[in-house]
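Okay, model35.txt is below, compact mmCIF, C-alpha atoms:
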```txt
# COMPACT_ATOMS: atom_id res chain seq x y z
CA TRP E 222 -15.45 -30.22 -52.63
CA GLU E 223 -14.52 -32.74 -55.30
CA ILE E 224 -13.76 -36.44 -55.54
CA ARG E 225 -10.27 -37.17 -56.83
CA PRO E 226 -7.39 -39.67 -56.46
CA ILE E 227 -5.49 -39.51 -53.15
CA LYS E 228 -1.96 -40.88 -52.93
CA GLY E 229 -2.03 -44.26 -51.19
CA LYS E 230 -5.82 -44.18 -50.75
CA ASP E 231 -7.45 -44.61 -54.16
CA LEU E 232 -10.21 -41.95 -54.28
CA GLY E 233 -11.04 -39.33 -51.65
CA VAL E 234 -12.89 -36.06 -51.11
CA VAL E 235 -10.92 -32.79 -51.26
CA ALA E 236 -12.11 -29.32 -50.25
CA SER E 237 -12.45 -26.91 -53.18
CA VAL E 238 -13.19 -24.01 -50.79
CA ASN E 239 -12.23 -23.11 -47.23
CA TYR E 240 -14.51 -24.43 -44.48
CA ASN E 241 -14.97 -23.02 -40.99
CA VAL E 242 -15.86 -25.14 -37.95
CA GLY E 243 -19.58 -25.94 -38.10
CA ASP E 244 -19.93 -25.47 -41.88
CA LEU E 245 -22.07 -28.05 -43.66
CA ILE E 246 -19.96 -29.84 -46.28
CA ILE E 247 -22.27 -32.55 -47.64
CA SER E 248 -25.84 -33.64 -47.02
CA GLU E 249 -26.92 -36.80 -48.82
CA LYS E 250 -29.84 -39.21 -48.87
CA PRO E 251 -28.99 -42.93 -49.09
CA ILE E 252 -29.79 -44.61 -52.39
CA PHE E 253 -31.13 -47.48 -50.28
CA THR E 254 -31.06 -48.74 -46.71
CA CYS E 255 -31.08 -52.20 -45.15
CA SER E 256 -32.03 -53.43 -41.71
CA ILE E 257 -29.13 -54.09 -39.35
CA GLY E 258 -28.99 -55.51 -35.86
CA PRO E 259 -27.50 -58.22 -33.69
CA HIS E 260 -29.95 -60.80 -35.02
CA THR E 261 -29.57 -59.96 -38.73
CA SER E 262 -27.89 -62.89 -40.51
CA LEU E 263 -25.55 -62.40 -43.46
CA ASP E 264 -27.93 -64.44 -45.63
CA ASP E 265 -30.85 -62.18 -44.74
CA LEU E 266 -28.73 -59.05 -45.28
CA THR E 267 -27.51 -60.31 -48.66
CA SER E 268 -31.07 -61.07 -49.74
CA GLU E 269 -32.26 -57.60 -48.71
CA ILE E 270 -29.34 -55.88 -50.48
CA ASN E 271 -30.10 -57.77 -53.71
CA ASP E 272 -33.80 -56.87 -53.47
CA LYS E 273 -32.94 -53.19 -52.95
CA LEU E 274 -30.54 -53.20 -55.90
CA LYS E 275 -33.34 -54.46 -58.13
CA SER E 276 -35.64 -51.67 -56.96
CA ILE E 277 -33.33 -48.68 -57.63
CA ASP E 278 -32.57 -47.03 -60.97
CA GLU E 279 -29.67 -47.96 -63.24
CA ASN E 280 -27.59 -44.89 -62.33
CA SER E 281 -27.85 -45.66 -58.62
CA ARG E 282 -26.92 -49.30 -59.25
CA SER E 283 -23.87 -48.14 -61.21
CA GLN E 284 -22.86 -45.85 -58.34
CA PHE E 285 -23.16 -48.77 -55.95
CA TRP E 286 -21.01 -51.13 -57.99
CA ASP E 287 -18.35 -48.42 -58.45
CA LEU E 288 -17.72 -48.44 -54.69
CA THR E 289 -14.86 -50.35 -53.06
CA ASP E 290 -15.21 -53.89 -51.76
CA CYS E 291 -12.44 -54.33 -49.20
CA HIS E 292 -13.35 -58.02 -48.83
CA ILE E 293 -12.43 -58.88 -52.42
CA ASN E 294 -9.94 -61.76 -52.75
CA GLU E 295 -11.19 -63.28 -49.49
CA GLU E 296 -12.32 -66.90 -49.56
CA GLY E 297 -11.05 -67.19 -53.13
CA SER E 298 -13.33 -64.48 -54.53
CA LYS E 299 -11.75 -62.17 -57.11
CA LYS E 300 -14.91 -60.19 -57.84
CA LYS E 301 -16.83 -57.60 -55.88
CA THR E 302 -19.93 -58.81 -54.10
CA ALA E 303 -22.99 -56.79 -53.12
CA LEU E 304 -22.52 -57.84 -49.48
CA GLY E 305 -18.84 -56.89 -49.54
CA ILE E 306 -19.57 -53.43 -50.95
CA PHE E 307 -22.34 -52.86 -48.40
CA GLN E 308 -20.17 -53.96 -45.47
CA THR E 309 -17.31 -51.74 -46.66
CA ASN E 310 -19.32 -48.58 -47.32
CA SER E 311 -22.63 -48.47 -45.46
CA HIS E 312 -23.30 -45.76 -42.87
CA PRO E 313 -25.69 -46.10 -39.91
CA CYS E 314 -28.90 -44.17 -40.51
CA GLY E 315 -29.44 -43.15 -36.91
CA PHE E 316 -27.44 -42.61 -33.75
CA LYS E 317 -24.44 -44.96 -33.93
CA HIS E 318 -25.20 -48.30 -32.23
CA ARG E 319 -28.90 -47.53 -31.85
CA ALA E 320 -29.43 -47.26 -35.61
CA GLN E 321 -31.74 -49.93 -36.99
CA LYS E 322 -30.83 -49.30 -40.62
CA SER E 323 -27.65 -48.71 -42.56
CA GLY E 324 -27.48 -47.06 -45.96
CA ILE E 325 -25.35 -46.47 -49.02
CA LEU E 326 -24.35 -42.87 -49.75
CA PRO E 327 -22.24 -42.83 -52.94
CA LEU E 328 -20.66 -39.40 -52.26
CA ILE E 329 -20.08 -39.66 -48.51
CA CYS E 330 -18.76 -43.21 -48.98
CA ARG E 331 -15.77 -41.64 -50.77
CA ILE E 332 -14.64 -39.81 -47.62
CA ASN E 333 -11.60 -41.53 -46.16
CA HIS E 334 -10.81 -42.29 -42.53
CA SER E 335 -8.43 -40.52 -40.19
CA CYS E 336 -7.99 -40.87 -36.42
CA CYS E 337 -7.48 -37.08 -36.56
CA PRO E 338 -10.53 -36.24 -38.71
CA ASN E 339 -11.39 -32.71 -39.77
CA SER E 340 -15.12 -33.38 -40.16
CA SER E 341 -17.85 -35.38 -38.45
CA HIS E 342 -20.93 -37.19 -39.70
CA SER E 343 -24.39 -37.34 -38.18
CA TRP E 344 -27.79 -38.56 -39.29
CA ASN E 345 -30.52 -35.96 -39.79
CA GLU E 346 -33.68 -37.84 -38.85
CA VAL E 347 -36.01 -35.06 -40.06
CA ARG E 348 -34.52 -34.89 -43.55
CA LYS E 349 -33.48 -38.56 -43.65
CA GLU E 350 -30.00 -37.51 -44.75
CA GLN E 351 -26.46 -38.16 -43.63
CA THR E 352 -24.64 -34.88 -43.00
CA ILE E 353 -20.96 -34.01 -42.92
CA TYR E 354 -19.91 -30.93 -40.93
CA ALA E 355 -16.45 -29.39 -40.61
CA SER E 356 -15.15 -30.08 -37.09
CA LYS E 357 -11.89 -28.21 -37.72
CA MET E 358 -10.81 -25.45 -40.07
CA ILE E 359 -10.36 -27.01 -43.52
CA LYS E 360 -8.31 -25.24 -46.18
CA LYS E 361 -8.95 -25.41 -49.91
CA GLY E 362 -7.05 -28.39 -51.32
CA GLU E 363 -7.08 -30.30 -48.02
CA GLU E 364 -8.53 -33.81 -47.90
CA ILE E 365 -11.81 -34.08 -45.99
CA THR E 366 -11.76 -36.97 -43.52
CA ILE E 367 -14.06 -38.61 -40.98
CA THR E 368 -13.41 -41.33 -38.43
CA TYR E 369 -14.80 -44.82 -39.01
CA ARG E 370 -14.43 -45.75 -35.30
CA ASP E 371 -13.60 -44.23 -31.93
CA ASN E 372 -10.46 -42.21 -32.68
CA PHE E 373 -9.00 -42.65 -29.19
CA GLY E 374 -7.32 -45.55 -27.44
CA SER E 375 -3.90 -46.84 -28.49
CA ALA E 376 -2.61 -46.69 -32.06
CA ASP E 377 -2.11 -50.47 -32.03
CA GLU E 378 -5.74 -51.08 -31.04
CA ARG E 379 -7.08 -48.69 -33.68
CA LYS E 380 -4.91 -50.10 -36.45
CA LYS E 381 -5.90 -53.65 -35.53
CA GLU E 382 -9.61 -52.83 -35.70
CA LEU E 383 -9.30 -50.87 -38.95
CA GLN E 384 -7.35 -53.72 -40.54
CA SER E 385 -9.91 -56.25 -39.32
CA PHE E 386 -13.01 -54.38 -40.55
CA TRP E 387 -11.81 -52.31 -43.52
CA ARG E 388 -8.56 -54.04 -44.52
CA PHE E 389 -6.25 -51.03 -44.50
CA GLN E 390 -3.34 -49.75 -42.42
CA CYS E 391 -4.05 -46.28 -41.08
CA ARG E 392 -1.15 -43.88 -41.57
CA CYS E 393 -2.68 -40.76 -40.05
CA PRO E 394 -0.52 -38.68 -37.66
CA ALA E 395 -2.01 -40.48 -34.65
CA CYS E 396 -1.16 -43.94 -36.01
CA HIS E 397 2.09 -43.39 -37.90
CA CYS E 398 5.20 -41.64 -36.62
CA ASP E 399 6.49 -39.40 -39.41
CA SER E 400 10.03 -38.41 -38.40
CA SER E 401 9.71 -35.20 -40.41
CA ILE E 402 6.82 -34.08 -38.18
CA CYS E 403 7.52 -35.50 -34.71
CA SER E 404 10.03 -37.55 -32.75
CA GLU E 405 9.43 -41.11 -31.55
CA ASP E 406 9.14 -39.83 -27.97
CA ASP E 407 6.53 -37.21 -28.96
CA PHE E 408 4.55 -39.87 -30.81
CA LYS E 409 4.55 -42.13 -27.73
CA GLU E 410 3.35 -39.27 -25.54
CA ARG E 411 0.56 -38.58 -27.99
CA ASP E 412 -0.47 -42.22 -27.89
CA LYS E 413 -0.55 -42.14 -24.09
CA ARG E 414 -2.83 -39.10 -24.17
CA ARG E 415 -5.25 -40.82 -26.54
CA VAL E 416 -5.36 -43.88 -24.30
CA GLN E 417 -6.06 -41.62 -21.31
CA ILE E 418 -8.84 -39.77 -23.15
CA GLN E 419 -10.54 -43.09 -23.84
CA LYS E 420 -10.14 -44.24 -20.22
CA LEU E 421 -11.59 -40.97 -18.95
CA ASP E 422 -14.87 -41.74 -20.73
CA THR E 423 -15.28 -44.78 -18.48
CA LEU E 424 -14.09 -42.93 -15.38
CA ILE E 425 -16.59 -40.12 -15.99
CA TYR E 426 -19.46 -42.59 -16.42
CA ASN E 427 -18.51 -44.60 -13.33
CA ALA E 428 -18.08 -41.51 -11.13
CA ILE E 429 -21.43 -39.99 -12.10
CA SER E 430 -23.25 -43.35 -11.92
CA SER E 431 -21.94 -43.93 -8.39
CA GLY E 432 -22.96 -40.44 -7.22
CA ASN E 433 -19.44 -39.00 -7.03
CA TYR E 434 -20.40 -35.94 -9.06
CA LYS E 435 -17.49 -33.70 -8.07
CA LEU E 436 -15.00 -36.38 -9.11
CA GLY E 437 -16.90 -36.87 -12.38
CA ILE E 438 -16.65 -33.17 -13.23
CA GLY E 439 -12.95 -33.30 -12.40
CA PHE E 440 -12.55 -36.12 -14.92
CA VAL E 441 -14.53 -34.08 -17.48
CA GLU E 442 -12.16 -31.12 -17.04
CA LYS E 443 -9.15 -33.43 -17.43
CA ARG E 444 -10.60 -34.91 -20.64
CA LEU E 445 -11.29 -31.46 -22.07
CA SER E 446 -7.70 -30.42 -21.30
CA LEU E 447 -6.27 -33.48 -23.06
CA LEU E 448 -8.54 -32.95 -26.06
CA GLU E 449 -7.18 -29.43 -26.43
CA ILE E 450 -3.56 -30.62 -26.19
CA GLU E 451 -4.28 -33.25 -28.83
CA GLY E 452 -5.99 -30.77 -31.14
CA GLU E 453 -9.12 -32.91 -30.95
CA ASP E 454 -11.27 -30.33 -29.10
CA THR E 455 -13.90 -30.60 -31.82
CA PRO E 456 -17.55 -29.62 -31.21
CA LYS E 457 -18.76 -33.21 -31.01
CA GLU E 458 -16.08 -34.26 -28.50
CA LEU E 459 -16.51 -31.12 -26.39
CA MET E 460 -20.30 -31.49 -26.36
CA LYS E 461 -20.01 -35.08 -25.19
CA SER E 462 -18.01 -34.18 -22.05
CA GLU E 463 -19.83 -30.91 -21.39
CA TYR E 464 -23.15 -32.74 -21.34
CA ASP E 465 -21.70 -35.30 -18.91
CA ALA E 466 -20.75 -32.42 -16.60
CA TYR E 467 -24.24 -30.93 -16.99
CA GLN E 468 -25.80 -34.24 -15.93
CA ALA E 469 -23.51 -34.40 -12.89
CA CYS E 470 -24.62 -30.90 -11.88
CA CYS E 471 -28.28 -31.85 -12.33
CA HIS E 472 -27.88 -34.78 -9.94
CA SER E 473 -25.95 -32.71 -7.39
CA GLU E 474 -28.44 -29.80 -7.66
CA ASP E 475 -25.66 -27.39 -8.63
CA ASP E 476 -27.71 -24.71 -10.40
CA GLU E 477 -24.74 -22.53 -11.39
CA GLY E 478 -22.89 -25.55 -12.74
CA LYS E 479 -25.96 -26.64 -14.69
CA LYS E 480 -26.20 -23.26 -16.41
CA LYS E 481 -22.48 -23.17 -17.21
CA TRP E 482 -22.19 -26.67 -18.69
CA LEU E 483 -25.53 -26.59 -20.52
CA LYS E 484 -24.58 -23.31 -22.21
CA LEU E 485 -21.29 -24.84 -23.40
CA ALA E 486 -22.94 -28.09 -24.51
CA LEU E 487 -25.62 -26.25 -26.52
CA ARG E 488 -22.98 -24.04 -28.16
CA ASP E 489 -21.02 -27.05 -29.36
CA ALA E 490 -24.14 -29.05 -30.24
CA LEU E 491 -25.07 -26.36 -32.75
CA LEU E 492 -21.61 -26.55 -34.32
CA ALA E 493 -21.57 -30.34 -34.30
```
For the structure just supplied, provide its representation as structure tokens.
Amino acid sequence: WEIRPIKGKDLGVVASVNYNVGDLIISEKPIFTCSIGPHTSLDDLTSEINDKLKSIDENSRSQFWDLTDCHINEEGSKKKTALGIFQTNSHPCGFKHRAQKSGILPLICRINHSCCPNSSHSWNEVRKEQTIYASKMIKKGEEITITYRDNFGSADERKKELQSFWRFQCRCPACHCDSSICSEDDFKERDKRRVQIQKLDTLIYNAISSGNYKLGIGFVEKRLSLLEIEGEDTPKELMKSEYDAYQACCHSEDDEGKKKWLKLALRDALLA
């Protein structure tokens, strides 16, 4: 892979070789991390960022200040700020919302967003590294993308959130109707599927939580079908639903079902 200019996106990461599903693309340690949480104030975060910047070497500081600050020009500011760069680029160093720290990874920070990403990121707690794995086949010369948020739900909801947090308008195939690729009707149908996939997450949880295990597995199978239609049947998404089905089978004492869904979930966990 290499970092190079991407039309309409500033810099991005492009594959210099072909990648198969499950291939490791990048593994990177953060140059520094800061504590995050619901009770962390912006003043405390700013103070910690500044302290960390003083403690790292000059090259790492230079890498940090080279990163984008999407909050520039807000509140009259025309210069990058350490807080703005951190908020724009930091990655959770842990499992999503349970992470207690967030870090700066100068290489991985260059990977752009797509609601139809071809790779996924996960924190390796043993190695203390953020890892990027191919979730779809990636051809040489293709841009490598990840998702900054849940890539389901309606296009309007996703675009609103991305604009609010990262100050850009997403123009991926799931957010922007390119008439050379699909019709307006096809785009609307795709949007409906993505809304349904998101709703099914809640339906699966509610069914299993209330003891309606057969219904929950039915919702899992529906979600898996929609993921395949959407081309989003990636290891991480498949594993998520397969493990839900496994849990339902555990509660209902369905031994054959447990074996089936656990085997599938483990297969995709290894790829994810």
Non-local contacts of Ala376 (chain E) (7 Å; all atoms listed in the file; under 4 positions in same chain excluded) as a list in words:
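My reading of the contact set: Lys380, Ala395, Cys396 and Asp412 of chain E.
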Name the residues in contact with region 350-355 of chain E at a cut-off of 9 Å, using only C-alpha atoms, excluding same-chain residues fewer than 3 positions from it; report them as a ChimeraX atom specification.
/E:240-251,312-315,326,329,339-347,358-359,365,367,492-493
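Taking CA of Ala469 (chain E) and CA of Ser430 (chain E) as the two end points, the separation is 9.0 Å.
Between CA of Ala320 (chain E) and CA of Cys255 (chain E) the interatomic distance comes to 10.9 Å.
Distances from E:Lys301, E:His292, E:Lys322, E:Lys480 to Glu269 (chain E) were compared using only C-alpha atoms, and the smallest one belongs to E:Lys322.
Each of E:Lys413, E:Gly362, E:Glu451, E:Gly478 was compared to Val238 (chain E) using all atoms listed in the file, and E:Gly362 turns out to be the nearest.
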Residues near Phe440 (chain E), cut-off 8 Å, only C-alpha atoms, skip fewer than 4 positions along chain, as a list in words:
Leu421, Leu424, Ile425, Leu436 and Arg444 of chain E
For region 382-385 of chain E, list every protein, DNA or RNA residue within 12 Å, evaluated using all atoms listed in the file, and leave out those in the same chain fewer than 5 positions away; present the list as a count of residues only.
19
Show me, as a list in words, the residues that have an atom within 12 Å of Arg411 (chain E) when counting only C-alpha atoms, minus same-chain residues fewer than 4 positions from it.
Cys337, Phe373, Gly374, Ser375, Ala376, Pro394, Ala395, Cys396, His397, Cys398, Cys403, Ser404, Glu405, Asp406, Asp407, Arg415, Val416, Gln417, Ile418, Leu447, Leu448, Ile450, Glu451, Gly452 and Glu453 of chain E
Would you output that residue set with C-alpha atoms, as a CSV table (one decimal), in the coordinates of the input?
```
chain,number,residue,atom,x,y,z
E,337,CYS,CA,-7.5,-37.1,-36.6
E,373,PHE,CA,-9.0,-42.6,-29.2
E,374,GLY,CA,-7.3,-45.6,-27.4
E,375,SER,CA,-3.9,-46.8,-28.5
E,376,ALA,CA,-2.6,-46.7,-32.1
E,394,PRO,CA,-0.5,-38.7,-37.7
E,395,ALA,CA,-2.0,-40.5,-34.6
E,396,CYS,CA,-1.2,-43.9,-36.0
E,397,HIS,CA,2.1,-43.4,-37.9
E,398,CYS,CA,5.2,-41.6,-36.6
E,403,CYS,CA,7.5,-35.5,-34.7
E,404,SER,CA,10.0,-37.6,-32.8
E,405,GLU,CA,9.4,-41.1,-31.6
E,406,ASP,CA,9.1,-39.8,-28.0
E,407,ASP,CA,6.5,-37.2,-29.0
E,415,ARG,CA,-5.2,-40.8,-26.5
E,416,VAL,CA,-5.4,-43.9,-24.3
E,417,GLN,CA,-6.1,-41.6,-21.3
E,418,ILE,CA,-8.8,-39.8,-23.2
E,447,LEU,CA,-6.3,-33.5,-23.1
E,448,LEU,CA,-8.5,-33.0,-26.1
E,450,ILE,CA,-3.6,-30.6,-26.2
E,451,GLU,CA,-4.3,-33.2,-28.8
E,452,GLY,CA,-6.0,-30.8,-31.1
E,453,GLU,CA,-9.1,-32.9,-31.0
```
Expressed in Å, the length from CA of Gly437 (chain E) to CA of Glu410 (chain E) is 24.3 Å
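Among the candidates E:Gly432, E:Val235, E:Val441, E:Leu485, the one nearest to Cys471 (chain E) when counting all atoms listed in the file is E:Gly432.
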